Structure formats: C-alpha cells, structure tokens
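**Student:** I am sharing final-v2.cif, which consists of mmCIF, C-alpha atoms:
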```
data_work
loop_
_atom_site.label_atom_id
_atom_site.label_comp_id
_atom_site.auth_asym_id
_atom_site.auth_seq_id
_atom_site.Cartn_x
_atom_site.Cartn_y
_atom_site.Cartn_z
CA MET N 1 16.42 8.00 -7.90
CA TYR N 2 15.76 5.69 -4.94
CA ASP N 3 18.06 5.84 -1.89
CA PRO N 4 17.92 2.32 -0.38
CA GLU N 5 19.92 3.39 2.69
CA GLY N 6 17.66 6.29 3.65
CA TYR N 7 14.29 4.81 2.65
CA SER N 8 12.53 1.46 2.42
CA LEU N 9 9.77 0.24 0.11
CA TRP N 10 6.96 -1.98 1.41
CA PHE N 11 4.15 -3.92 -0.24
CA CYS N 12 0.93 -4.24 1.73
CA ASP N 13 -1.91 -6.69 1.11
CA TYR N 14 -5.21 -6.50 2.95
CA LYS N 15 -5.53 -9.66 5.07
CA TYR N 16 -9.30 -10.03 4.70
CA GLN N 17 -9.83 -9.73 0.93
CA ASP N 18 -12.97 -11.93 1.04
CA GLU N 19 -14.77 -9.20 3.02
CA ASN N 20 -14.44 -6.75 0.13
CA THR N 21 -17.74 -7.60 -1.55
CA VAL N 22 -19.13 -4.08 -2.18
CA SER N 23 -17.07 -1.67 -4.26
CA PHE N 24 -17.95 1.58 -2.49
CA VAL N 25 -17.37 0.05 0.95
CA THR N 26 -13.96 -1.20 -0.17
CA LEU N 27 -13.10 2.23 -1.57
CA ASN N 28 -14.18 3.83 1.73
CA LYS N 29 -11.93 1.42 3.68
CA VAL N 30 -8.96 2.55 1.63
CA GLY N 31 -9.91 6.23 1.93
CA GLY N 32 -10.26 5.92 5.70
CA PHE N 33 -6.90 4.19 5.96
CA LEU N 34 -5.24 7.01 4.03
CA GLN N 35 -6.89 9.60 6.31
CA ARG N 36 -5.61 7.82 9.41
CA MET N 37 -2.12 7.66 7.86
CA ASP N 38 -2.04 11.47 7.79
CA LEU N 39 0.23 11.47 10.85
CA ALA N 40 2.95 9.91 8.65
CA ARG N 41 2.75 12.55 5.92
CA LYS N 42 6.35 13.73 6.52
CA TYR N 43 7.69 10.18 6.63
CA ALA N 44 5.82 8.29 3.93
CA PHE N 45 4.51 8.13 0.38
CA GLY N 46 1.94 5.52 -0.56
CA LYS N 47 -0.05 4.13 -3.44
CA MET N 48 -3.13 2.01 -2.78
CA LEU N 49 -4.86 -0.03 -5.47
CA VAL N 50 -8.34 -1.55 -5.45
CA ILE N 51 -8.26 -4.37 -7.95
CA GLY N 52 -11.02 -6.31 -9.67
CA SER N 53 -14.12 -5.79 -11.72
CA ALA N 54 -16.26 -8.06 -9.51
CA ALA N 55 -16.31 -9.00 -5.84
CA PRO N 56 -14.29 -9.81 -3.87
CA PHE N 57 -12.12 -6.78 -4.61
CA LYS N 58 -8.43 -6.90 -3.71
CA VAL N 59 -6.67 -4.10 -1.84
CA LYS N 60 -2.92 -3.83 -2.33
CA GLY N 61 -0.47 -1.04 -1.74
CA LEU N 62 3.06 0.20 -2.09
CA TRP N 63 4.61 2.43 0.58
CA LEU N 64 7.88 4.32 0.84
CA PHE N 65 8.99 5.07 4.41
CA ARG N 66 11.96 7.00 5.77
CA GLY N 67 14.42 4.57 7.29
CA GLN N 68 14.72 0.82 7.01
CA GLU N 69 11.60 -0.04 9.00
CA ILE N 70 8.05 1.22 9.21
CA PRO N 71 8.12 3.98 11.86
CA LYS N 72 6.94 2.66 15.23
CA PHE N 73 4.65 5.63 15.87
CA VAL N 74 2.77 4.80 12.64
CA ILE N 75 2.26 1.19 13.72
CA ASP N 76 1.16 2.31 17.20
CA GLU N 77 -1.17 5.14 16.15
CA CYS N 78 -2.76 3.86 12.95
CA TYR N 79 -4.75 0.79 13.95
CA ASP N 80 -5.39 -0.15 10.29
CA MET N 81 -1.73 -1.17 9.93
CA GLU N 82 -2.47 -4.54 11.51
CA LEU N 83 -5.13 -5.25 8.87
CA TYR N 84 -2.42 -5.48 6.21
CA GLU N 85 0.36 -7.97 5.57
CA TRP N 86 3.56 -5.91 5.16
CA THR N 87 6.44 -7.20 3.02
CA LYS N 88 9.67 -5.30 2.49
CA VAL N 89 10.54 -4.89 -1.19
CA ASP N 90 13.83 -6.33 -2.42
CA ILE N 91 14.60 -3.80 -5.15
CA SER N 92 17.40 -6.02 -6.52
CA ASP N 93 14.75 -8.61 -7.51
CA GLU N 94 13.62 -7.73 -11.04
CA ALA N 95 10.10 -9.16 -10.53
CA GLN N 96 9.53 -6.99 -7.44
CA LYS N 97 11.05 -3.97 -9.20
CA GLU N 98 8.61 -4.46 -12.10
CA ARG N 99 5.69 -4.78 -9.66
CA VAL N 100 6.74 -1.49 -8.00
CA SER N 101 6.75 0.23 -11.41
CA GLN N 102 3.33 -1.17 -12.31
CA MET N 103 1.83 0.00 -9.01
CA ILE N 104 3.21 3.52 -9.34
CA GLU N 105 2.05 3.81 -12.97
CA ASP N 106 -1.46 2.35 -12.36
CA PHE N 107 -0.61 -0.32 -14.94
CA GLU N 108 -3.69 -2.14 -16.16
CA PRO N 109 -4.36 -5.01 -16.05
CA PHE N 110 -2.53 -5.33 -12.74
CA GLU N 111 -1.68 -8.95 -11.96
CA GLY N 112 -4.24 -10.01 -14.57
CA GLU N 113 -7.16 -7.96 -13.21
CA ALA N 114 -8.73 -4.60 -13.93
CA LEU N 115 -8.08 -1.65 -11.63
CA LEU N 116 -11.19 -0.32 -9.90
CA ASP N 117 -9.35 2.63 -8.33
CA ALA N 118 -5.94 3.89 -7.32
CA LYS N 119 -5.30 6.36 -4.51
CA CYS N 120 -2.09 8.22 -3.79
CA PHE N 121 -0.88 9.31 -0.35
CA LYS N 122 1.63 12.13 -0.43
#
```
Can you give me the file's structure in the form of structure tokens?
**Tutor:**
Amino acid sequence: MYDPEGYSLWFCDYKYQDENTVSFVTLNKVGGFLQRMDLARKYAFGKMLVIGSAAPFKVKGLWLFRGQEIPKFVIDECYDMELYEWTKVDISDEAQKERVSQMIEDFEPFEGEALLDAKCFK
C-alpha cells in the first residue's frame, strides 16, 4: 500500500560507525536523533536499527517522507541529518524491497548481524 508518487523511501547509514563503541551511547545517539526529528512528525515515518553484538555498533535507518525529496525544513532544522548518508530507495529493485521489509519487521539477523535495538518514529 505504498504510493510512490506521494511519498519516498530513504535508507540512512550513520557516517561515523567506528565511533559507536559503547552500546548505551549509541542508543542515546539514536534516541536524541529521533527527538530532534519531532518537527517532521506530520511528514515522516522512520525506523532506526542499532546492529551488532559487539563494538563498533552500526546505525541504519529507513524513512518514509511525504513527497519525492526529504523536506528542506527537516534538513535545515535537524542538524543530525548531515551525520547520515541518505540513499533513496528504488522500490522496483527486489533486493532493496527485501531490505525495506527486513527493516520494518526487525528481521534478525539483519545483514548477518544481531539486532541490539530497533526504534520507531511515528
């Protein structure tokens, strides 16, 4: 039930994964990011995953935004946005479609690693 003309899906990967050496600090980074994204509550849905059973932990996410691009006010107001590499999902690609499903479902193991935590922004 995805409307590709009215919404866009985006993968995000934290650019500085090597810094994620302590689990609770990594979880707090993700929690803080979700708090700062509160201004986009009417325009976005997100799922953030913290992956790994040992350091460095990986932070990856999946976001659904209204429109074909990430809203400019979100990029301007939420300074954490620049800490992530944003890639638009090509839903016609079966591999990306499967990755989207796994992220939404908290599939474990995700990309061969255990999930430490999953947080939902809605």
**Student:** List the neighbours of Ile70 in chain N out to 12 Å using only C-alpha atoms; skip same-chain residues closer than 4 positions along the sequence, and give me the result as JSON, numbers by chain.
**Tutor:** {"N": [7, 8, 9, 10, 11, 12, 40, 43, 44, 45, 63, 64, 65, 66, 74, 75, 76, 78, 81, 86, 87, 88]}
**Student:** Rounded to one decimal, what separation in Å do you get between CA of Glu5 in chain N and CA of Lys72 in chain N?
**Tutor:**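 About the pair CA of Glu5 in chain N and CA of Lys72 in chain N: they are 18.1 Å apart.
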**Student:** Of the candidates N:Asp80, N:Glu69, N:Glu108, N:Asp93, which shows the shortest atom-to-atom distance to Gly31 in chain N, using only C-alpha atoms?
**Tutor:** N:Asp80
**Student:** Skipping near chain neighbours, those fewer than 3 positions away, what residues fall within 10 Å of Val50 in chain N using only C-alpha atoms, listed as a ChimeraX atom specification?
**Tutor:** /N:20,23,26-27,30,53,57-61,114-119
**Student:** What separation in Å, quoted to one decimal, exists between CA of Pro109 in chain N and CA of Phe33 in chain N?
**Tutor:**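 Interatomic distance, CA of Pro109 in chain N to CA of Phe33 in chain N: 24.0 Å.
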**Student:** Go through N:Arg99, N:Phe73, N:Gln68, N:Tyr79 one by one, measure the shortest atom-to-atom distance of each to Asp3 in chain N using all atoms listed in the file, and give the residue with the smallest value.
**Tutor:**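 So, comparing all the options, the nearest one is N:Gln68.
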**Student:** Give the answer as one residue: which of N:Ile91, N:Leu39, N:Leu49, N:Leu34 has the shortest atom-to-atom distance to Met103 in chain N, using only C-alpha atoms?
**Tutor:**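 Selected residue with least distance to Met103 in chain N: N:Leu49.
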**Student:** Closest to Phe121 in chain N among N:Pro56, N:Asn28, N:Lys15, N:Leu62, using all atoms listed in the file?
**Tutor:** N:Leu62
**Student:** Give the answer as one residue: which of N:Gln35, N:Glu85, N:Lys29, N:Lys47 has the shortest atom-to-atom distance to Asp13 in chain N, using only C-alpha atoms?
**Tutor:**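 Among the listed residues, N:Glu85 lies closest to Asp13 in chain N.
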**Student:** Take CA of Val25 in chain N and CA of Ala55 in chain N and report the distance between them in Å, one decimal.
**Tutor:**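 The value is 11.4 Å.
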**Student:** For Glu82 in chain N, which residue out of N:Gly67, N:Ile104, N:Tyr14, N:Ala95 is the nearest one, using only C-alpha atoms?
**Tutor:**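 So, comparing all the options, the nearest one is N:Tyr14.
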**Student:** Pop range 45-60 of chain N out of the structure in the block and write all heavy atoms as a PDB file, in the first residue's frame.
**Tutor:**
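The result, stored in selection_6.pdb:
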```pdb
ATOM      1  N   PHE N  45       7.809   8.960   8.678  1.00  0.00           N
ATOM      2  CA  PHE N  45       7.769   7.746   9.491  1.00  0.00           C
ATOM      3  C   PHE N  45       9.158   7.152   9.389  1.00  0.00           C
ATOM      4  O   PHE N  45       9.743   7.110   8.302  1.00  0.00           O
ATOM      5  CB  PHE N  45       6.728   6.757   8.948  1.00  0.00           C
ATOM      6  CG  PHE N  45       6.796   5.410   9.593  1.00  0.00           C
ATOM      7  CD1 PHE N  45       6.166   5.179  10.801  1.00  0.00           C
ATOM      8  CD2 PHE N  45       7.499   4.375   9.005  1.00  0.00           C
ATOM      9  CE1 PHE N  45       6.238   3.946  11.418  1.00  0.00           C
ATOM     10  CE2 PHE N  45       7.574   3.132   9.601  1.00  0.00           C
ATOM     11  CZ  PHE N  45       6.937   2.913  10.806  1.00  0.00           C
ATOM     12  N   GLY N  46       9.716   6.705  10.492  1.00  0.00           N
ATOM     13  CA  GLY N  46      11.079   6.174  10.443  1.00  0.00           C
ATOM     14  C   GLY N  46      11.283   4.958  11.308  1.00  0.00           C
ATOM     15  O   GLY N  46      10.588   4.744  12.304  1.00  0.00           O
ATOM     16  N   LYS N  47      12.263   4.173  10.933  1.00  0.00           N
ATOM     17  CA  LYS N  47      12.675   3.001  11.690  1.00  0.00           C
ATOM     18  C   LYS N  47      14.193   3.029  11.759  1.00  0.00           C
ATOM     19  O   LYS N  47      14.867   3.092  10.736  1.00  0.00           O
ATOM     20  CB  LYS N  47      12.186   1.739  10.960  1.00  0.00           C
ATOM     21  CG  LYS N  47      12.380   0.463  11.700  1.00  0.00           C
ATOM     22  CD  LYS N  47      11.372   0.350  12.822  1.00  0.00           C
ATOM     23  CE  LYS N  47      11.494  -0.931  13.553  1.00  0.00           C
ATOM     24  NZ  LYS N  47      10.379  -1.820  13.393  1.00  0.00           N
ATOM     25  N   MET N  48      14.724   3.058  12.979  1.00  0.00           N
ATOM     26  CA  MET N  48      16.170   3.084  13.167  1.00  0.00           C
ATOM     27  C   MET N  48      16.608   1.784  13.831  1.00  0.00           C
ATOM     28  O   MET N  48      15.990   1.337  14.799  1.00  0.00           O
ATOM     29  CB  MET N  48      16.577   4.270  14.040  1.00  0.00           C
ATOM     30  CG  MET N  48      16.302   5.636  13.421  1.00  0.00           C
ATOM     31  SD  MET N  48      17.249   5.977  11.938  1.00  0.00           S
ATOM     32  CE  MET N  48      18.897   6.146  12.598  1.00  0.00           C
ATOM     33  N   LEU N  49      17.680   1.193  13.318  1.00  0.00           N
ATOM     34  CA  LEU N  49      18.213  -0.049  13.851  1.00  0.00           C
ATOM     35  C   LEU N  49      19.623   0.172  14.374  1.00  0.00           C
ATOM     36  O   LEU N  49      20.426   0.868  13.741  1.00  0.00           O
ATOM     37  CB  LEU N  49      18.265  -1.130  12.765  1.00  0.00           C
ATOM     38  CG  LEU N  49      16.976  -1.455  12.018  1.00  0.00           C
ATOM     39  CD1 LEU N  49      17.243  -2.517  10.961  1.00  0.00           C
ATOM     40  CD2 LEU N  49      15.891  -1.905  12.963  1.00  0.00           C
ATOM     41  N   VAL N  50      19.908  -0.404  15.523  1.00  0.00           N
ATOM     42  CA  VAL N  50      21.275  -0.465  16.040  1.00  0.00           C
ATOM     43  C   VAL N  50      21.666  -1.927  15.926  1.00  0.00           C
ATOM     44  O   VAL N  50      21.029  -2.804  16.517  1.00  0.00           O
ATOM     45  CB  VAL N  50      21.360   0.047  17.494  1.00  0.00           C
ATOM     46  CG1 VAL N  50      22.794  -0.046  17.988  1.00  0.00           C
ATOM     47  CG2 VAL N  50      20.859   1.473  17.593  1.00  0.00           C
ATOM     48  N   ILE N  51      22.715  -2.173  15.153  1.00  0.00           N
ATOM     49  CA  ILE N  51      23.066  -3.526  14.754  1.00  0.00           C
ATOM     50  C   ILE N  51      24.418  -3.916  15.333  1.00  0.00           C
ATOM     51  O   ILE N  51      25.354  -3.123  15.328  1.00  0.00           O
ATOM     52  CB  ILE N  51      23.111  -3.625  13.211  1.00  0.00           C
ATOM     53  CG1 ILE N  51      21.777  -3.167  12.639  1.00  0.00           C
ATOM     54  CG2 ILE N  51      23.459  -5.026  12.758  1.00  0.00           C
ATOM     55  CD1 ILE N  51      21.831  -2.812  11.179  1.00  0.00           C
ATOM     56  N   GLY N  52      24.494  -5.160  15.809  1.00  0.00           N
ATOM     57  CA  GLY N  52      25.756  -5.716  16.278  1.00  0.00           C
ATOM     58  C   GLY N  52      25.683  -6.181  17.710  1.00  0.00           C
ATOM     59  O   GLY N  52      24.923  -5.640  18.514  1.00  0.00           O
ATOM     60  N   SER N  53      26.467  -7.194  18.005  1.00  0.00           N
ATOM     61  CA  SER N  53      26.522  -7.694  19.373  1.00  0.00           C
ATOM     62  C   SER N  53      27.811  -7.245  20.064  1.00  0.00           C
ATOM     63  O   SER N  53      27.992  -7.462  21.255  1.00  0.00           O
ATOM     64  CB  SER N  53      26.423  -9.227  19.373  1.00  0.00           C
ATOM     65  OG  SER N  53      27.402  -9.787  18.530  1.00  0.00           O
ATOM     66  N   ALA N  54      28.711  -6.638  19.291  1.00  0.00           N
ATOM     67  CA  ALA N  54      29.963  -6.103  19.840  1.00  0.00           C
ATOM     68  C   ALA N  54      30.320  -4.837  19.062  1.00  0.00           C
ATOM     69  O   ALA N  54      29.870  -4.637  17.938  1.00  0.00           O
ATOM     70  CB  ALA N  54      31.075  -7.144  19.710  1.00  0.00           C
ATOM     71  N   ALA N  55      31.119  -4.005  19.691  1.00  0.00           N
ATOM     72  CA  ALA N  55      31.519  -2.733  19.072  1.00  0.00           C
ATOM     73  C   ALA N  55      32.403  -2.992  17.848  1.00  0.00           C
ATOM     74  O   ALA N  55      33.093  -4.002  17.803  1.00  0.00           O
ATOM     75  CB  ALA N  55      32.258  -1.892  20.096  1.00  0.00           C
ATOM     76  N   PRO N  56      32.394  -2.113  16.877  1.00  0.00           N
ATOM     77  CA  PRO N  56      31.548  -0.936  16.748  1.00  0.00           C
ATOM     78  C   PRO N  56      30.140  -1.310  16.276  1.00  0.00           C
ATOM     79  O   PRO N  56      29.974  -2.162  15.409  1.00  0.00           O
ATOM     80  CB  PRO N  56      32.267  -0.088  15.702  1.00  0.00           C
ATOM     81  CG  PRO N  56      32.992  -1.065  14.840  1.00  0.00           C
ATOM     82  CD  PRO N  56      33.363  -2.206  15.769  1.00  0.00           C
ATOM     83  N   PHE N  57      29.149  -0.662  16.862  1.00  0.00           N
ATOM     84  CA  PHE N  57      27.753  -0.917  16.516  1.00  0.00           C
ATOM     85  C   PHE N  57      27.397  -0.097  15.280  1.00  0.00           C
ATOM     86  O   PHE N  57      27.901   1.009  15.096  1.00  0.00           O
ATOM     87  CB  PHE N  57      26.845  -0.541  17.691  1.00  0.00           C
ATOM     88  CG  PHE N  57      27.181  -1.291  18.935  1.00  0.00           C
ATOM     89  CD1 PHE N  57      27.954  -0.703  19.927  1.00  0.00           C
ATOM     90  CD2 PHE N  57      26.770  -2.600  19.109  1.00  0.00           C
ATOM     91  CE1 PHE N  57      28.296  -1.399  21.076  1.00  0.00           C
ATOM     92  CE2 PHE N  57      27.109  -3.308  20.251  1.00  0.00           C
ATOM     93  CZ  PHE N  57      27.872  -2.705  21.238  1.00  0.00           C
ATOM     94  N   LYS N  58      26.537  -0.649  14.445  1.00  0.00           N
ATOM     95  CA  LYS N  58      26.127   0.041  13.222  1.00  0.00           C
ATOM     96  C   LYS N  58      24.743   0.647  13.428  1.00  0.00           C
ATOM     97  O   LYS N  58      23.878   0.027  14.025  1.00  0.00           O
ATOM     98  CB  LYS N  58      26.092  -0.931  12.048  1.00  0.00           C
ATOM     99  CG  LYS N  58      27.447  -1.484  11.697  1.00  0.00           C
ATOM    100  CD  LYS N  58      27.344  -2.470  10.566  1.00  0.00           C
ATOM    101  CE  LYS N  58      28.720  -3.081  10.321  1.00  0.00           C
ATOM    102  NZ  LYS N  58      28.623  -4.329   9.598  1.00  0.00           N
ATOM    103  N   VAL N  59      24.566   1.850  12.919  1.00  0.00           N
ATOM    104  CA  VAL N  59      23.271   2.532  12.980  1.00  0.00           C
ATOM    105  C   VAL N  59      22.781   2.704  11.551  1.00  0.00           C
ATOM    106  O   VAL N  59      23.472   3.297  10.715  1.00  0.00           O
ATOM    107  CB  VAL N  59      23.385   3.897  13.682  1.00  0.00           C
ATOM    108  CG1 VAL N  59      22.052   4.620  13.649  1.00  0.00           C
ATOM    109  CG2 VAL N  59      23.884   3.732  15.106  1.00  0.00           C
ATOM    110  N   LYS N  60      21.610   2.150  11.288  1.00  0.00           N
ATOM    111  CA  LYS N  60      20.995   2.233   9.960  1.00  0.00           C
ATOM    112  C   LYS N  60      19.529   2.548  10.137  1.00  0.00           C
ATOM    113  O   LYS N  60      18.938   2.230  11.166  1.00  0.00           O
ATOM    114  CB  LYS N  60      21.158   0.924   9.195  1.00  0.00           C
ATOM    115  CG  LYS N  60      22.609   0.578   8.948  1.00  0.00           C
ATOM    116  CD  LYS N  60      22.764  -0.736   8.245  1.00  0.00           C
ATOM    117  CE  LYS N  60      24.236  -1.062   8.119  1.00  0.00           C
ATOM    118  NZ  LYS N  60      24.652  -1.205   6.758  1.00  0.00           N
TER     119      LYS N  60
END
```
